[in-house]
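One file, target_17.tsv, is given below (TSV, N, CA and C atoms).
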```
chain	number	residue	atom	x	y	z
A	1436	MET	N	30.11	44.58	-13.26
A	1436	MET	CA	29.04	43.78	-12.70
A	1436	MET	C	27.80	44.65	-12.51
A	1437	THR	N	26.81	44.37	-13.26
A	1437	THR	CA	25.60	45.16	-13.19
A	1437	THR	C	24.52	44.49	-12.36
A	1438	GLY	N	24.75	43.23	-12.04
A	1438	GLY	CA	23.73	42.51	-11.28
A	1438	GLY	C	22.76	41.78	-12.18
A	1439	ASP	N	22.88	41.96	-13.49
A	1439	ASP	CA	22.02	41.27	-14.44
A	1439	ASP	C	22.61	39.88	-14.70
A	1440	HIS	N	21.86	38.87	-14.40
A	1440	HIS	CA	22.36	37.51	-14.52
A	1440	HIS	C	22.50	37.07	-15.97
A	1441	ASP	N	21.75	37.63	-16.87
A	1441	ASP	CA	21.81	37.21	-18.26
A	1441	ASP	C	22.96	37.89	-19.01
A	1442	ALA	N	23.42	39.01	-18.53
A	1442	ALA	CA	24.50	39.71	-19.20
A	1442	ALA	C	25.85	39.16	-18.75
A	1443	PRO	N	26.78	38.95	-19.69
A	1443	PRO	CA	28.09	38.44	-19.29
A	1443	PRO	C	28.82	39.45	-18.43
A	1444	SER	N	29.62	38.96	-17.48
A	1444	SER	CA	30.34	39.85	-16.58
A	1444	SER	C	31.63	40.35	-17.21
A	1445	SER	N	32.02	39.77	-18.34
A	1445	SER	CA	33.22	40.23	-19.04
A	1445	SER	C	32.93	40.28	-20.53
A	1446	ASN	N	33.84	40.81	-21.25
A	1446	ASN	CA	33.66	40.94	-22.69
A	1446	ASN	C	34.05	39.68	-23.45
A	1447	THR	N	34.48	38.63	-22.77
A	1447	THR	CA	34.95	37.44	-23.46
A	1447	THR	C	33.80	36.59	-23.97
A	1448	GLY	N	32.65	36.71	-23.42
A	1448	GLY	CA	31.50	35.93	-23.86
A	1448	GLY	C	31.48	34.53	-23.26
A	1449	ARG	N	32.42	34.24	-22.39
A	1449	ARG	CA	32.48	32.92	-21.77
A	1449	ARG	C	31.27	32.66	-20.88
A	1450	ALA	N	30.72	33.67	-20.31
A	1450	ALA	CA	29.57	33.51	-19.41
A	1450	ALA	C	28.36	32.99	-20.17
A	1451	ASP	N	28.21	33.36	-21.43
A	1451	ASP	CA	27.07	32.87	-22.21
A	1451	ASP	C	27.15	31.37	-22.44
A	1452	LYS	N	28.36	30.87	-22.68
A	1452	LYS	CA	28.54	29.45	-22.97
A	1452	LYS	C	28.35	28.59	-21.72
A	1453	SER	N	28.69	29.12	-20.56
A	1453	SER	CA	28.59	28.33	-19.34
A	1453	SER	C	27.15	28.23	-18.86
A	1454	ARG	N	26.33	29.12	-19.31
A	1454	ARG	CA	24.92	29.09	-18.88
A	1454	ARG	C	24.08	28.46	-19.98
A	1455	GLN	N	24.14	27.18	-20.03
A	1455	GLN	CA	23.39	26.46	-21.06
A	1455	GLN	C	21.92	26.44	-20.69
A	1456	LYS	N	21.13	26.37	-21.71
A	1456	LYS	CA	19.70	26.24	-21.48
A	1456	LYS	C	19.40	24.76	-21.22
A	1457	LEU	N	19.10	24.44	-20.01
A	1457	LEU	CA	18.80	23.07	-19.63
A	1457	LEU	C	17.31	22.82	-19.71
A	1458	PRO	N	16.92	21.61	-20.07
A	1458	PRO	CA	15.49	21.32	-20.10
A	1458	PRO	C	14.92	21.37	-18.69
A	1459	ALA	N	13.64	21.64	-18.64
A	1459	ALA	CA	12.99	21.69	-17.33
A	1459	ALA	C	13.05	20.32	-16.68
A	1460	ALA	N	13.23	20.32	-15.38
A	1460	ALA	CA	13.31	19.06	-14.65
A	1460	ALA	C	11.98	18.34	-14.72
A	1461	ALA	N	12.05	17.03	-14.92
A	1461	ALA	CA	10.84	16.22	-14.99
A	1461	ALA	C	10.26	16.12	-13.58
A	1462	PRO	N	8.95	16.04	-13.48
A	1462	PRO	CA	8.36	15.88	-12.14
A	1462	PRO	C	8.80	14.55	-11.54
A	1463	PRO	N	8.85	14.46	-10.24
A	1463	PRO	CA	9.28	13.21	-9.61
A	1463	PRO	C	8.33	12.08	-10.00
A	1464	ALA	N	8.92	10.94	-10.24
A	1464	ALA	CA	8.12	9.78	-10.65
A	1464	ALA	C	7.31	9.28	-9.45
A	1465	LEU	N	6.02	9.35	-9.58
A	1465	LEU	CA	5.15	8.85	-8.52
A	1465	LEU	C	4.75	7.42	-8.86
A	1466	PRO	N	4.65	6.56	-7.86
A	1466	PRO	CA	4.26	5.18	-8.15
A	1466	PRO	C	2.83	5.13	-8.67
A	1467	SER	N	2.61	4.19	-9.56
A	1467	SER	CA	1.27	4.02	-10.11
A	1467	SER	C	0.35	3.45	-9.04
A	1468	ASP	N	-0.94	3.44	-9.33
A	1468	ASP	CA	-1.92	2.96	-8.35
A	1468	ASP	C	-1.68	1.50	-7.96
A	1469	PRO	N	-1.48	0.57	-8.92
A	1469	PRO	CA	-1.22	-0.81	-8.51
A	1469	PRO	C	0.07	-0.94	-7.71
A	1470	GLU	N	1.07	-0.13	-8.06
A	1470	GLU	CA	2.33	-0.18	-7.33
A	1470	GLU	C	2.13	0.28	-5.89
A	1471	ARG	N	1.34	1.35	-5.71
A	1471	ARG	CA	1.03	1.84	-4.37
A	1471	ARG	C	0.27	0.79	-3.57
A	1472	ARG	N	-0.67	0.10	-4.24
A	1472	ARG	CA	-1.46	-0.92	-3.58
A	1472	ARG	C	-0.57	-2.08	-3.13
A	1473	GLU	N	0.40	-2.47	-3.97
A	1473	GLU	CA	1.32	-3.55	-3.60
A	1473	GLU	C	2.16	-3.16	-2.40
A	1474	ARG	N	2.63	-1.93	-2.37
A	1474	ARG	CA	3.42	-1.48	-1.22
A	1474	ARG	C	2.57	-1.45	0.03
A	1475	SER	N	1.33	-1.02	-0.11
A	1475	SER	CA	0.43	-0.98	1.03
A	1475	SER	C	0.17	-2.38	1.56
A	1476	ASP	N	-0.05	-3.34	0.64
A	1476	ASP	CA	-0.28	-4.72	1.06
A	1476	ASP	C	0.94	-5.28	1.77
A	1477	ALA	N	2.11	-5.00	1.23
A	1477	ALA	CA	3.34	-5.51	1.85
A	1477	ALA	C	3.50	-4.95	3.25
A	1478	ALA	N	3.24	-3.68	3.42
A	1478	ALA	CA	3.36	-3.06	4.74
A	1478	ALA	C	2.32	-3.63	5.69
A	1479	ARG	N	1.12	-3.86	5.18
A	1479	ARG	CA	0.05	-4.40	6.02
A	1479	ARG	C	0.42	-5.80	6.53
A	1480	TYR	N	0.92	-6.65	5.63
A	1480	TYR	CA	1.26	-8.02	6.02
A	1480	TYR	C	2.50	-8.06	6.90
A	1481	ALA	N	3.43	-7.16	6.66
A	1481	ALA	CA	4.60	-7.08	7.54
A	1481	ALA	C	4.16	-6.68	8.95
A	1482	GLY	N	3.21	-5.79	9.04
A	1482	GLY	CA	2.69	-5.38	10.34
A	1482	GLY	C	2.00	-6.51	11.07
A	1483	VAL	N	1.28	-7.35	10.32
A	1483	VAL	CA	0.60	-8.50	10.94
A	1483	VAL	C	1.64	-9.46	11.51
A	1484	GLY	N	2.69	-9.73	10.75
A	1484	GLY	CA	3.74	-10.63	11.23
A	1484	GLY	C	4.47	-10.07	12.44
A	1485	LEU	N	4.74	-8.79	12.40
A	1485	LEU	CA	5.42	-8.14	13.52
A	1485	LEU	C	4.55	-8.19	14.78
A	1486	GLN	N	3.26	-7.94	14.62
A	1486	GLN	CA	2.35	-8.00	15.77
A	1486	GLN	C	2.30	-9.42	16.33
A	1487	PHE	N	2.30	-10.40	15.45
A	1487	PHE	CA	2.27	-11.80	15.87
A	1487	PHE	C	3.51	-12.11	16.72
A	1488	ALA	N	4.68	-11.74	16.24
A	1488	ALA	CA	5.92	-12.03	16.96
A	1488	ALA	C	5.98	-11.28	18.29
A	1489	ILE	N	5.58	-10.03	18.29
A	1489	ILE	CA	5.64	-9.24	19.53
A	1489	ILE	C	4.68	-9.79	20.57
A	1490	THR	N	3.50	-10.23	20.15
A	1490	THR	CA	2.53	-10.81	21.09
A	1490	THR	C	3.12	-12.04	21.78
A	1491	ILE	N	3.73	-12.92	21.02
A	1491	ILE	CA	4.30	-14.13	21.60
A	1491	ILE	C	5.47	-13.78	22.53
A	1492	LEU	N	6.32	-12.83	22.12
A	1492	LEU	CA	7.45	-12.45	22.96
A	1492	LEU	C	7.01	-11.80	24.27
A	1493	VAL	N	5.99	-10.96	24.20
A	1493	VAL	CA	5.48	-10.33	25.42
A	1493	VAL	C	4.90	-11.39	26.36
A	1494	CYS	N	4.16	-12.33	25.80
A	1494	CYS	CA	3.59	-13.39	26.65
A	1494	CYS	C	4.68	-14.29	27.22
A	1495	LEU	N	5.73	-14.53	26.45
A	1495	LEU	CA	6.86	-15.31	26.96
A	1495	LEU	C	7.52	-14.58	28.14
A	1496	TRP	N	7.73	-13.28	27.97
A	1496	TRP	CA	8.32	-12.49	29.06
A	1496	TRP	C	7.41	-12.50	30.29
A	1497	LEU	N	6.10	-12.33	30.07
A	1497	LEU	CA	5.16	-12.31	31.19
A	1497	LEU	C	5.14	-13.66	31.92
A	1498	GLY	N	5.13	-14.75	31.17
A	1498	GLY	CA	5.15	-16.08	31.79
A	1498	GLY	C	6.44	-16.32	32.55
A	1499	ASN	N	7.54	-15.89	32.01
A	1499	ASN	CA	8.83	-16.03	32.69
A	1499	ASN	C	8.85	-15.21	33.98
A	1500	TRP	N	8.31	-13.99	33.92
A	1500	TRP	CA	8.26	-13.14	35.11
A	1500	TRP	C	7.38	-13.78	36.20
A	1501	LEU	N	6.21	-14.32	35.78
A	1501	LEU	CA	5.34	-14.99	36.76
A	1501	LEU	C	6.00	-16.22	37.36
A	1502	ASP	N	6.74	-16.97	36.54
A	1502	ASP	CA	7.45	-18.15	37.07
A	1502	ASP	C	8.50	-17.75	38.10
A	1503	ARG	N	9.24	-16.69	37.85
A	1503	ARG	CA	10.25	-16.25	38.82
A	1503	ARG	C	9.59	-15.73	40.10
A	1504	LYS	N	8.45	-15.05	39.93
A	1504	LYS	CA	7.77	-14.48	41.10
A	1504	LYS	C	7.20	-15.57	42.00
A	1505	PHE	N	6.61	-16.61	41.40
A	1505	PHE	CA	5.96	-17.65	42.21
A	1505	PHE	C	6.82	-18.91	42.34
A	1506	GLY	N	7.97	-18.96	41.71
A	1506	GLY	CA	8.86	-20.12	41.85
A	1506	GLY	C	8.32	-21.36	41.17
A	1507	THR	N	7.62	-21.21	40.06
A	1507	THR	CA	7.08	-22.37	39.33
A	1507	THR	C	7.66	-22.36	37.91
A	1508	SER	N	7.24	-23.37	37.15
A	1508	SER	CA	7.66	-23.40	35.73
A	1508	SER	C	6.46	-23.65	34.82
A	1509	LYS	N	5.27	-23.37	35.33
A	1509	LYS	CA	4.06	-23.63	34.55
A	1509	LYS	C	3.57	-22.40	33.79
A	1510	PHE	N	3.82	-21.23	34.33
A	1510	PHE	CA	3.25	-20.01	33.73
A	1510	PHE	C	3.83	-19.70	32.36
A	1511	VAL	N	5.11	-20.01	32.17
A	1511	VAL	CA	5.72	-19.69	30.88
A	1511	VAL	C	5.04	-20.47	29.76
A	1512	PHE	N	4.74	-21.74	29.99
A	1512	PHE	CA	4.05	-22.54	28.96
A	1512	PHE	C	2.63	-22.05	28.73
A	1513	LEU	N	1.93	-21.79	29.83
A	1513	LEU	CA	0.57	-21.30	29.71
A	1513	LEU	C	0.52	-19.96	28.98
A	1514	ALA	N	1.43	-19.06	29.35
A	1514	ALA	CA	1.44	-17.73	28.72
A	1514	ALA	C	1.80	-17.82	27.24
A	1515	VAL	N	2.75	-18.67	26.87
A	1515	VAL	CA	3.13	-18.79	25.47
A	1515	VAL	C	1.99	-19.38	24.65
A	1516	PHE	N	1.31	-20.39	25.16
A	1516	PHE	CA	0.19	-20.98	24.41
A	1516	PHE	C	-0.98	-20.01	24.29
A	1517	LEU	N	-1.28	-19.30	25.39
A	1517	LEU	CA	-2.35	-18.30	25.31
A	1517	LEU	C	-1.96	-17.16	24.36
A	1518	GLY	N	-0.70	-16.74	24.42
A	1518	GLY	CA	-0.23	-15.68	23.53
A	1518	GLY	C	-0.26	-16.11	22.07
A	1519	ALA	N	0.14	-17.34	21.80
A	1519	ALA	CA	0.11	-17.84	20.42
A	1519	ALA	C	-1.33	-17.93	19.92
A	1520	GLY	N	-2.23	-18.39	20.78
A	1520	GLY	CA	-3.65	-18.46	20.39
A	1520	GLY	C	-4.22	-17.08	20.10
A	1521	ALA	N	-3.90	-16.13	20.97
A	1521	ALA	CA	-4.38	-14.76	20.75
A	1521	ALA	C	-3.77	-14.16	19.49
A	1522	ALA	N	-2.49	-14.43	19.26
A	1522	ALA	CA	-1.82	-13.89	18.07
A	1522	ALA	C	-2.40	-14.50	16.80
A	1523	PHE	N	-2.66	-15.81	16.80
A	1523	PHE	CA	-3.28	-16.45	15.63
A	1523	PHE	C	-4.67	-15.89	15.36
A	1524	TYR	N	-5.45	-15.71	16.43
A	1524	TYR	CA	-6.80	-15.18	16.27
A	1524	TYR	C	-6.76	-13.76	15.71
A	1525	SER	N	-5.86	-12.94	16.25
A	1525	SER	CA	-5.73	-11.57	15.77
A	1525	SER	C	-5.29	-11.54	14.31
A	1526	MET	N	-4.33	-12.39	13.96
A	1526	MET	CA	-3.84	-12.45	12.59
A	1526	MET	C	-4.97	-12.90	11.65
A	1527	TYR	N	-5.74	-13.89	12.05
A	1527	TYR	CA	-6.85	-14.38	11.24
A	1527	TYR	C	-7.86	-13.26	10.98
A	1528	ARG	N	-8.23	-12.55	12.03
A	1528	ARG	CA	-9.22	-11.46	11.87
A	1528	ARG	C	-8.69	-10.37	10.96
A	1529	GLN	N	-7.43	-9.99	11.11
A	1529	GLN	CA	-6.87	-8.94	10.27
A	1529	GLN	C	-6.79	-9.38	8.81
A	1530	LEU	N	-6.33	-10.60	8.57
A	1530	LEU	CA	-6.21	-11.07	7.19
A	1530	LEU	C	-7.58	-11.23	6.53
A	1531	MET	N	-8.56	-11.71	7.28
A	1531	MET	CA	-9.90	-11.84	6.70
A	1531	MET	C	-10.52	-10.46	6.43
A	1532	GLY	N	-10.26	-9.51	7.31
A	1532	GLY	CA	-10.73	-8.14	7.08
A	1532	GLY	C	-10.08	-7.53	5.85
A	1533	ASN	N	-8.77	-7.76	5.68
A	1533	ASN	CA	-8.07	-7.27	4.50
A	1533	ASN	C	-8.62	-7.91	3.24
A	1534	LEU	N	-8.88	-9.21	3.30
A	1534	LEU	CA	-9.41	-9.92	2.14
A	1534	LEU	C	-10.79	-9.38	1.77
A	1535	GLU	N	-11.61	-9.15	2.76
A	1535	GLU	CA	-12.95	-8.62	2.51
A	1535	GLU	C	-12.89	-7.22	1.90
A	1536	ARG	N	-12.00	-6.37	2.41
A	1536	ARG	CA	-11.84	-5.01	1.84
A	1536	ARG	C	-11.34	-5.08	0.41
A	1537	ASP	N	-10.38	-5.96	0.14
A	1537	ASP	CA	-9.85	-6.10	-1.21
A	1537	ASP	C	-10.92	-6.58	-2.19
A	1538	GLU	N	-11.74	-7.54	-1.76
A	1538	GLU	CA	-12.80	-8.05	-2.63
A	1538	GLU	C	-13.86	-6.99	-2.87
A	1539	GLU	N	-14.19	-6.20	-1.86
A	1539	GLU	CA	-15.16	-5.12	-2.04
A	1539	GLU	C	-14.63	-4.07	-3.00
A	1540	ALA	N	-13.36	-3.74	-2.89
A	1540	ALA	CA	-12.75	-2.77	-3.81
A	1540	ALA	C	-12.75	-3.31	-5.24
A	1541	LYS	N	-12.51	-4.60	-5.38
A	1541	LYS	CA	-12.53	-5.24	-6.70
A	1541	LYS	C	-13.92	-5.19	-7.30
A	1542	ARG	N	-14.94	-5.47	-6.48
A	1542	ARG	CA	-16.33	-5.41	-6.97
A	1542	ARG	C	-16.71	-3.99	-7.35
A	1543	ALA	N	-16.24	-3.01	-6.57
A	1543	ALA	CA	-16.55	-1.61	-6.88
A	1543	ALA	C	-15.90	-1.19	-8.18
A	1544	ARG	N	-14.65	-1.63	-8.43
A	1544	ARG	CA	-14.00	-1.31	-9.70
A	1544	ARG	C	-14.73	-1.95	-10.87
A	1545	LYS	N	-15.20	-3.19	-10.68
A	1545	LYS	CA	-15.95	-3.86	-11.74
A	1545	LYS	C	-17.25	-3.12	-12.04
A	1546	ARG	N	-17.95	-2.70	-10.97
A	1546	ARG	CA	-19.21	-1.96	-11.17
A	1546	ARG	C	-18.95	-0.65	-11.89
A	1547	ALA	N	-17.89	0.05	-11.51
A	1547	ALA	CA	-17.58	1.32	-12.14
A	1547	ALA	C	-17.23	1.12	-13.61
A	1548	ALA	N	-16.51	0.06	-13.93
A	1548	ALA	CA	-16.15	-0.22	-15.32
A	1548	ALA	C	-17.39	-0.60	-16.12
A	1549	ALA	N	-18.31	-1.35	-15.51
A	1549	ALA	CA	-19.52	-1.78	-16.22
A	1549	ALA	C	-20.44	-0.58	-16.46
A	1550	GLU	N	-20.49	0.35	-15.52
A	1550	GLU	CA	-21.35	1.52	-15.69
A	1550	GLU	C	-20.81	2.47	-16.74
A	1551	SER	N	-19.51	2.51	-16.91
A	1551	SER	CA	-18.93	3.43	-17.88
A	1551	SER	C	-18.90	2.83	-19.29
A	1552	SER	N	-19.09	1.54	-19.41
A	1552	SER	CA	-19.05	0.88	-20.72
A	1552	SER	C	-20.43	0.94	-21.37
A	1553	PRO	N	-20.54	1.50	-22.59
A	1553	PRO	CA	-21.86	1.59	-23.24
A	1553	PRO	C	-22.40	0.22	-23.64
A	1554	ALA	N	-21.57	-0.73	-23.91
A	1554	ALA	CA	-22.05	-2.06	-24.30
A	1554	ALA	C	-22.77	-2.74	-23.14
A	1555	GLU	N	-22.34	-2.46	-21.94
A	1555	GLU	CA	-22.96	-3.08	-20.78
A	1555	GLU	C	-24.31	-2.45	-20.46
A	1556	ARG	N	-24.53	-1.20	-20.87
A	1556	ARG	CA	-25.78	-0.52	-20.57
A	1556	ARG	C	-26.90	-0.93	-21.52
A	1557	ARG	N	-26.56	-1.52	-22.68
A	1557	ARG	CA	-27.55	-1.91	-23.67
A	1557	ARG	C	-28.34	-3.12	-23.16
A	1558	ASP	N	-29.61	-3.13	-23.45
A	1558	ASP	CA	-30.47	-4.26	-23.08
A	1558	ASP	C	-30.08	-5.44	-23.96
A	1559	PRO	N	-29.72	-6.59	-23.37
A	1559	PRO	CA	-29.27	-7.73	-24.19
A	1559	PRO	C	-30.39	-8.30	-25.07
A	1560	ARG	N	-31.65	-8.05	-24.74
A	1560	ARG	CA	-32.75	-8.57	-25.56
A	1560	ARG	C	-32.97	-7.73	-26.80
A	1561	GLU	N	-32.46	-6.51	-26.79
A	1561	GLU	CA	-32.64	-5.60	-27.91
A	1561	GLU	C	-31.69	-6.02	-29.04
A	1562	PRO	N	-32.16	-6.02	-30.30
A	1562	PRO	CA	-31.28	-6.40	-31.41
A	1562	PRO	C	-30.16	-5.38	-31.57
A	1563	LEU	N	-29.03	-5.84	-32.14
A	1563	LEU	CA	-27.89	-4.96	-32.30
A	1563	LEU	C	-28.19	-3.83	-33.26
A	1564	ASP	N	-28.93	-4.09	-34.34
A	1564	ASP	CA	-29.24	-3.07	-35.32
A	1564	ASP	C	-30.77	-2.83	-35.29
A	1565	PRO	N	-31.24	-1.86	-34.52
A	1565	PRO	CA	-32.70	-1.67	-34.39
A	1565	PRO	C	-33.35	-1.21	-35.68
A	1566	GLY	N	-32.60	-0.68	-36.67
A	1566	GLY	CA	-33.17	-0.21	-37.92
A	1566	GLY	C	-33.56	-1.35	-38.84
A	1567	GLY	N	-33.00	-2.52	-38.62
A	1567	GLY	CA	-33.35	-3.68	-39.42
A	1567	GLY	C	-32.78	-3.62	-40.84
A	1568	SER	N	-31.66	-2.98	-41.04
A	1568	SER	CA	-31.08	-2.89	-42.38
A	1568	SER	C	-30.34	-4.17	-42.71
A	1569	ALA	N	-31.06	-5.12	-43.34
A	1569	ALA	CA	-30.46	-6.39	-43.70
A	1569	ALA	C	-30.56	-6.64	-45.16
```
What does this structure look like when you write it as structure tokens?
Amino acid sequence: MTGDHDAPSSNTGRADKSRQKLPAAAPPALPSDPERRERSDAARYAGVGLQFAITILVCLWLGNWLDRKFGTSKFVFLAVFLGAGAAFYSMYRQLMGNLERDEEAKRARKRAAAESSPAERRDPREPLDPGGSA
């Protein structure tokens, strides 16, 4: 044993056969941009739904606690309706904000594509063949 990893440790040559030359490992597959965007959208909408449910449950608990404290049965209904209204309003604002951001990103991608395309930069009033070879 010399400590050299490439040299066989015995004269049989078996060590050379066991150390096959393997191809280099491929880099980990990263999700494409649209795939990442879809995952982001799914997480965003799941968060909106979770926030909606938690808001209603917290208001239900608060209304129930107030009813037990004051010995009534009106607070639970009031709290649930107020909680549902607040949850709907919050969900509406978040979804409209997401929609606005998505539309702005779409417009920016369109502008970037139009600026990089040479056909879009040409003046439409200019003839296609300015040399007039007809």
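Within the 6.5 Å cut-off around region 1493-1498 of chain A, using all atoms listed in the file and omitting residues fewer than 3 positions from it on the same chain, the listed residues are Ala1488, Ile1489, Thr1490, Leu1501, Asp1502, Arg1503, Phe1510, Val1511, Phe1512, Ala1514, Val1515 and Gly1518 of chain A.
CA of Leu1485 (chain A) lies 29.5 Å from CA of Thr1507 (chain A).
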(request) Pull the helix (DSSP H, G or I) assignments for region 1449-1554 of chain A out of DSSP run on the backbone, and list those residues as a VMD selection string. (result) chain A and resid 1449 to 1453 1468 to 1505 1510 to 1551 1553 to 1554
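Between CA of Gly1520 (chain A) and CA of Leu1492 (chain A) lies a distance of 12.9 Å.
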Go through region 1458-1524 of chain A and flag each residue having an atom no more than 12 Å from region 1537-1542 of chain A; for those, report the closest pair of atoms plus their distance in Å to one decimal, using only C-alpha atoms, ordered by chain and rising number, as a Markdown table.
```
| residue | atom | partner | partner_atom | distance |
| --- | --- | --- | --- | --- |
| A:Arg1472 | CA | A:Asp1537 | CA | 10.1 |
| A:Glu1473 | CA | A:Asp1537 | CA | 11.7 |
| A:Ser1475 | CA | A:Asp1537 | CA | 11.7 |
| A:Asp1476 | CA | A:Asp1537 | CA | 9.9 |
```
(message) Could you tell me how far atom C of Ala1521 (chain A) sits from CA of Phe1505 (chain A), in Å to one decimal place?
(response) 25.0 Å
